[in-house]
Amino acid sequence: MIRLATDVGGTFTDLVGYDERSGELFTAKSLTTVPDQSIGVLDAIASAEAKDGLRTRDVTFFAHGGTTVINAITERKGVRTALVTTAGFRDVLEIGRGNRPDLYNLRFRSPAPFVPRSLRFEVRERLDASGKIITPLQVEDLKPIIAQCKAERIEAVAILFLHSYTNPEHEILCADILAAALPDATVCASYEVSRQWREYERSNTVVLNAYVQPIIRRYFARLEDALMRRDLTCPYYAMQSNGGIATFEQAVNSPLTLVESGPAGGVAGAARIGNALGESEVLSLDVGGTTAKCSLIHGGRPTLNVEYKLEHTRIEPGHPIQVPVVDIVEIGSGGGSIAWLDERGVLRVGPESAGSVPGPACYGRGGTRPTLSDAILTIGVFDPNNFAGGSMHLDKQKAAEAIATIAAPLGLSIEDAAIAIIDIAHASMINALKLVTVQRGHDPRDVAFVISGGAGPALATRLGRDLSVKSTVIPLHPGLFSAWGMLAAEPRADFRHTWFSALTAEAIKALLARFDKLEQEAITYFAKGHDADIRFTYQVEARYRGQEHGVFAQFHRGDDRDVFAERFHAVHERAYSFRLPHAAIEITTIHLEAVLNGPVIALPLLSKNGRSLDAALTGRRNVYFGAVLGWVSCPVYERSLLAPGQLIEGPMIVEEATATTLVQEKQQLSVADNGVLIIRESVSEAG
């Protein structure tokens, strides 16, 4: 009865297994194999078999998350895709929106669409906004399209007709014809992926879904075949971007739901840790090898981004997609992020990463450019002889030589240059963390700060101090936390339908009927029957009359018009800092979140046997805290030997196989009964 999860990151592939009967845990870490990520997964399984005695025949649940979808999109390595749309609308995909994030850049260019104009085809058909047929689908228009798709060797066809979110009849007919005529191509109709309004966003969504669908189908088939050859024949699940899991088959049908697959596992894990600690407001940060990713868990549930945009930056509009994605802010500041000097001699960190090959200079694999990991090693936080549980030796001399390339031009010592690299990465992370808290209307002083990733715990306590969080939490197995989080995720599906109505008493009744219908869709999706143990959460997007965009507010069965209106006013005020209590309210979209209750990874209580402060103390190590404090001798503790209930004053270092935690001066570390580390400011320091 082993539950197993693997997470493919930009640098490492992580594995966590949990035996539900004995409580035994299996962990492994292998380098990500970019050409074929399934190889890295198998390497991690082999490592767990050799190191921990993992028994693949006993695995009854397998969850997988990774970067296959996001890599195919960002690297433009999807399949050759065509778009079939309503006559007159082939250029919606290229026109996009009129808003320009880089307002004063006269050379600004919108990002190139994933389907060139020569492969965007039009057919005559038309529905009105209510879904009524104005012009029937002209089937004869498809004949030349089919011929050209064959000539162009198209592998995927996306279909999007105007207003099909209200009536998919024409899309269904078109998809059937194209599938019969193009048996070797994937055919994806927009109603299968999104039932929401806004034609540009729907166009992007269906095109990108079709663009990666053959890629993910082949990848999952290859992975499934490899797992079966290793006697791992249990049900297979994929980690979705909404914080839940889906079967491989369900994921292949909607592969775009995997766009933030790996990071969502970490968010699901942070929610599980928050639940165990009785914290409903949790701020999550995962500092991996390539990036740092943060997200807010509000009311015990991950926050969804209702306007998610791929490749969106401060100066790039990105590609909006209409799939539920956990609200994650991601920056190029990971352990492998390269430090460099720009043309003005200003120090930068990231977004370029040394990756797994050649890796940071201290790995000794040929890397010569300084990285964040080299800096953390140089100031003494990492033990070069006991990194990754002793499985890897770090070369401190090579790290110093790499940092010297920027220290000399800046006129700094090696140690101060290392601190400068950490300071730059720290500032970037603080900005990202404020994006999901302060700029979303949430006070970081109200949250428990759960930080993970191989480099995260080394930076955690200073980040927590600067944000003034309630507590900084280091979860179990922080270097493998996204994989651990996948074992905390449950099967989940989100159903969003656009529906326009004024908020009236009659609308509330119609709303309940629509939610009833969505619940039936959820029961069918999970294929569990009407007695299935499914948790439903209801949300309604609404706006003040005259507004373009709305906000989602919780809806409860039993709400009347006034109760929901007050909840909407409160959410709107949090988002935009004002409310209009006498303005008319309009409903625009309804959202049903369906979660199938199932087992999640347990957090067993620690035994005190063999654990004590003396047993955990392994020595002392000098750590450089900057020019003011200089080098400070810090006690070093082995995490696995710390007893529950212990309180320890900083500064100190806590080591474990997958991460190293640095506790600052005037901070206090406590060990929870389940082994989670909780760090708070000392009472005298906190005031």
# chains A, B, ... in the order shown; residues from 1 in each chain; ligands from 1

call {"tool": "residues_around", "arguments": {"residues": "segment 563-574 of chain A", "least_positions_apart": "6", "cutoff": "8 Å", "atoms": "only C-alpha atoms", "output": "list of chain:residue names"}}
result
A:Arg440, A:Gly441, A:Ala542, A:Val551, A:Phe552, A:Ala553, A:Gln554, A:Phe555, A:Leu580, A:Pro581, A:Ile585

call {"tool": "residues_around", "arguments": {"residues": "segment 611-625 of chain A", "least_positions_apart": "2", "cutoff": "8 Å", "atoms": "only C-alpha atoms", "output": "list in words"}}
result
Ile379, Gly380, Val381, Glu415, Ile419, Ser607, Lys608, Asn609, Ala627, Val628, Leu629, Gly630, Trp631, Val632, Ser633, Cys634, Pro635, Val636, Tyr637, Glu638, Arg639, Ser640, Leu641, Leu642, Ala643 and Gln646 of chain A

call {"tool": "write_last_selection", "arguments": {"atoms": "C-alpha atoms", "output": "short mmCIF file (atom, residue, chain, number, x, y, z; two decimals), in the first residue's frame"}}
result
data_model
loop_
_atom_site.label_atom_id
_atom_site.label_comp_id
_atom_site.auth_asym_id
_atom_site.auth_seq_id
_atom_site.Cartn_x
_atom_site.Cartn_y
_atom_site.Cartn_z
CA ILE A 379 29.24 32.01 3.34
CA GLY A 380 29.31 28.67 5.17
CA VAL A 381 25.64 27.58 5.22
CA GLU A 415 32.46 36.70 1.06
CA ILE A 419 26.37 38.18 0.32
CA SER A 607 8.78 9.50 18.78
CA LYS A 608 11.11 11.01 21.38
CA ASN A 609 13.16 7.83 21.57
CA ALA A 627 30.07 43.10 7.22
CA VAL A 628 28.32 44.01 10.50
CA LEU A 629 28.28 40.63 12.25
CA GLY A 630 31.07 39.02 10.24
CA TRP A 631 31.77 35.33 10.75
CA VAL A 632 29.72 33.71 13.52
CA SER A 633 30.22 30.23 14.93
CA CYS A 634 26.88 28.38 14.69
CA PRO A 635 25.90 25.02 16.18
CA VAL A 636 24.88 22.45 13.58
CA TYR A 637 22.01 20.04 14.30
CA GLU A 638 20.80 16.94 12.48
CA ARG A 639 17.06 17.43 11.94
CA SER A 640 16.16 13.74 12.20
CA LEU A 641 17.50 13.66 15.78
CA LEU A 642 15.70 16.75 17.11
CA ALA A 643 12.98 15.85 19.60
CA GLN A 646 12.31 21.40 21.73
#

call {"tool": "residues_around", "arguments": {"residues": "Val8 of chain A", "least_positions_apart": "3", "cutoff": "12 Å", "atoms": "only C-alpha atoms", "output": "JSON, numbers by chain"}}
result
{"A": [5, 11, 12, 13, 14, 15, 29, 30, 31, 32, 33, 34, 36, 37, 38, 39, 40, 41, 42, 43, 44, 63, 64, 65, 66, 67, 68, 69, 70, 71, 238, 239, 260, 261, 262, 263, 265, 288, 289, 290, 356, 480, 481, 482, 483]}

call {"tool": "residues_around", "arguments": {"residues": "Asn204 of chain A", "least_positions_apart": "2", "cutoff": "9 Å", "atoms": "only C-alpha atoms", "output": "PyMOL selection string"}}
result
chain A and resi 93+113-114+199-202+206-209+319-322

call {"tool": "write_last_selection", "arguments": {"atoms": "all heavy atoms", "output": "CSV table (one decimal), in the first residue's frame"}}
result
chain,number,residue,atom,x,y,z
A,93,LEU,N,-6.8,35.6,-33.0
A,93,LEU,CA,-5.7,35.1,-32.3
A,93,LEU,C,-4.5,36.1,-32.4
A,93,LEU,O,-3.6,36.1,-31.5
A,93,LEU,CB,-5.3,33.7,-32.9
A,93,LEU,CG,-4.3,32.9,-32.1
A,93,LEU,CD1,-4.9,32.5,-30.8
A,93,LEU,CD2,-3.9,31.6,-32.9
A,113,PRO,N,1.5,34.5,-32.7
A,113,PRO,CA,0.6,33.4,-32.3
A,113,PRO,C,1.2,32.1,-32.6
A,113,PRO,O,2.1,31.9,-33.5
A,113,PRO,CB,-0.6,33.7,-33.2
A,113,PRO,CG,-0.1,34.5,-34.4
A,113,PRO,CD,1.1,35.3,-33.8
A,114,PHE,N,0.7,31.1,-32.0
A,114,PHE,CA,1.2,29.7,-32.1
A,114,PHE,C,0.7,29.1,-33.4
A,114,PHE,O,1.2,28.0,-33.8
A,114,PHE,CB,0.8,28.8,-30.9
A,114,PHE,CG,1.6,29.1,-29.7
A,114,PHE,CD1,1.4,30.2,-28.9
A,114,PHE,CD2,2.7,28.3,-29.4
A,114,PHE,CE1,2.1,30.5,-27.8
A,114,PHE,CE2,3.5,28.6,-28.3
A,114,PHE,CZ,3.2,29.7,-27.5
A,199,GLU,N,-13.5,35.8,-26.7
A,199,GLU,CA,-13.0,35.0,-27.8
A,199,GLU,C,-11.5,34.9,-27.9
A,199,GLU,O,-11.0,33.9,-28.3
A,199,GLU,CB,-13.6,35.6,-29.1
A,199,GLU,CG,-15.1,35.6,-29.2
A,199,GLU,CD,-15.7,34.3,-28.9
A,199,GLU,OE1,-15.3,33.3,-29.6
A,199,GLU,OE2,-16.5,34.2,-28.0
A,200,TYR,N,-10.8,36.0,-27.6
A,200,TYR,CA,-9.3,35.9,-27.7
A,200,TYR,C,-8.7,34.9,-26.7
A,200,TYR,O,-7.9,34.1,-27.1
A,200,TYR,CB,-8.7,37.3,-27.5
A,200,TYR,CG,-7.2,37.3,-27.3
A,200,TYR,CD1,-6.4,36.7,-28.3
A,200,TYR,CD2,-6.6,37.9,-26.2
A,200,TYR,CE1,-5.0,36.7,-28.2
A,200,TYR,CE2,-5.2,37.9,-26.1
A,200,TYR,CZ,-4.4,37.3,-27.1
A,200,TYR,OH,-3.1,37.3,-26.9
A,201,GLU,N,-9.2,35.0,-25.5
A,201,GLU,CA,-8.7,34.0,-24.5
A,201,GLU,C,-9.1,32.6,-24.8
A,201,GLU,O,-8.3,31.7,-24.6
A,201,GLU,CB,-9.3,34.5,-23.1
A,201,GLU,CG,-8.7,35.7,-22.5
A,201,GLU,CD,-9.2,37.0,-23.1
A,201,GLU,OE1,-10.1,37.0,-24.0
A,201,GLU,OE2,-8.6,38.1,-22.8
A,202,ARG,N,-10.4,32.4,-25.3
A,202,ARG,CA,-10.8,31.1,-25.7
A,202,ARG,C,-10.0,30.5,-26.8
A,202,ARG,O,-9.6,29.4,-26.9
A,202,ARG,CB,-12.3,31.0,-26.0
A,202,ARG,CG,-13.2,31.1,-24.9
A,202,ARG,CD,-14.6,30.5,-25.2
A,202,ARG,NE,-15.2,31.1,-26.4
A,202,ARG,CZ,-15.7,30.3,-27.4
A,202,ARG,NH1,-15.7,29.0,-27.3
A,202,ARG,NH2,-16.2,30.9,-28.5
A,206,VAL,N,-7.8,27.0,-26.6
A,206,VAL,CA,-8.0,25.8,-27.5
A,206,VAL,C,-6.7,25.5,-28.3
A,206,VAL,O,-6.3,24.4,-28.6
A,206,VAL,CB,-9.3,25.9,-28.3
A,206,VAL,CG1,-9.2,27.0,-29.3
A,206,VAL,CG2,-9.6,24.5,-28.9
A,207,VAL,N,-6.1,26.6,-28.9
A,207,VAL,CA,-4.9,26.4,-29.7
A,207,VAL,C,-3.8,25.8,-28.9
A,207,VAL,O,-3.1,24.8,-29.4
A,207,VAL,CB,-4.5,27.8,-30.3
A,207,VAL,CG1,-3.1,27.7,-30.8
A,207,VAL,CG2,-5.4,28.1,-31.4
A,208,LEU,N,-3.5,26.3,-27.7
A,208,LEU,CA,-2.4,25.8,-26.9
A,208,LEU,C,-2.7,24.3,-26.4
A,208,LEU,O,-1.8,23.5,-26.3
A,208,LEU,CB,-2.1,26.7,-25.7
A,208,LEU,CG,-1.4,28.0,-26.1
A,208,LEU,CD1,-1.3,28.9,-24.9
A,208,LEU,CD2,-0.1,27.7,-26.7
A,209,ASN,N,-4.0,24.1,-26.1
A,209,ASN,CA,-4.4,22.7,-25.7
A,209,ASN,C,-4.1,21.7,-26.9
A,209,ASN,O,-3.5,20.6,-26.7
A,209,ASN,CB,-5.8,22.6,-25.3
A,209,ASN,CG,-6.2,21.4,-24.6
A,209,ASN,OD1,-5.9,21.3,-23.4
A,209,ASN,ND2,-6.8,20.4,-25.2
A,319,HIS,N,0.3,35.0,-23.1
A,319,HIS,CA,-0.7,34.3,-23.8
A,319,HIS,C,-1.8,33.9,-22.7
A,319,HIS,O,-1.5,33.0,-22.0
A,319,HIS,CB,-0.2,33.1,-24.5
A,319,HIS,CG,0.9,33.4,-25.5
A,319,HIS,ND1,0.6,33.8,-26.8
A,319,HIS,CD2,2.2,33.5,-25.4
A,319,HIS,CE1,1.7,34.0,-27.5
A,319,HIS,NE2,2.7,33.8,-26.7
A,320,PRO,N,-2.9,34.6,-22.6
A,320,PRO,CA,-3.9,34.2,-21.6
A,320,PRO,C,-4.6,32.9,-21.9
A,320,PRO,O,-4.8,32.6,-23.1
A,320,PRO,CB,-4.9,35.4,-21.7
A,320,PRO,CG,-4.8,35.9,-23.1
A,320,PRO,CD,-3.4,35.7,-23.5
A,321,ILE,N,-4.8,32.1,-20.9
A,321,ILE,CA,-5.5,30.8,-21.1
A,321,ILE,C,-6.6,30.7,-20.0
A,321,ILE,O,-6.5,31.2,-18.9
A,321,ILE,CB,-4.6,29.6,-21.0
A,321,ILE,CG1,-3.8,29.6,-19.7
A,321,ILE,CG2,-3.6,29.6,-22.2
A,321,ILE,CD1,-3.0,28.3,-19.5
A,322,GLN,N,-7.7,30.0,-20.4
A,322,GLN,CA,-8.8,29.8,-19.5
A,322,GLN,C,-8.9,28.4,-18.9
A,322,GLN,O,-9.8,27.6,-19.1
A,322,GLN,CB,-10.1,30.1,-20.3
A,322,GLN,CG,-10.3,31.6,-20.7
A,322,GLN,CD,-11.6,31.8,-21.5
A,322,GLN,OE1,-12.0,31.0,-22.2
A,322,GLN,NE2,-12.1,33.0,-21.3

call {"tool": "atom_distance", "arguments": {"atom1": "atom CA of Leu412 of chain A", "atom2": "atom CA of Phe382 of chain A"}}
result
21.5 Å

call {"tool": "atom_distance", "arguments": {"atom1": "atom CA of Ser22 of chain A", "atom2": "atom CA of Phe62 of chain A"}}
result
18.0 Å

call {"tool": "atom_distance", "arguments": {"atom1": "atom CA of Thr588 of chain A", "atom2": "atom CA of Asn242 of chain A"}}
result
21.0 Å

call {"tool": "select_by_dssp", "arguments": {"residues": "segment 421-513 of chain A", "states": "strand (DSSP E or B)", "output": "PyMOL selection string"}}
result
chain A and resi 448-452+471-474+491-502

call {"tool": "closest_residue", "arguments": {"among": "A:Ala28, A:Ala226, A:Val349, A:Ile424", "to": "Ala46 of chain A", "atoms": "only C-alpha atoms"}}
result
A:Ala28

call {"tool": "closest_residue", "arguments": {"among": "A:Leu511, A:Gly610, A:Thr498, A:Glu140", "to": "Asn167 of chain A", "atoms": "only C-alpha atoms"}}
result
A:Thr498

call {"tool": "select_by_dssp", "arguments": {"residues": "segment 407-616 of chain A", "states": "alpha helix (DSSP H)", "output": "number ranges by chain"}}
result
A: 407-410, 414-435, 456-467, 481-486, 505-526, 561-576, 613-616
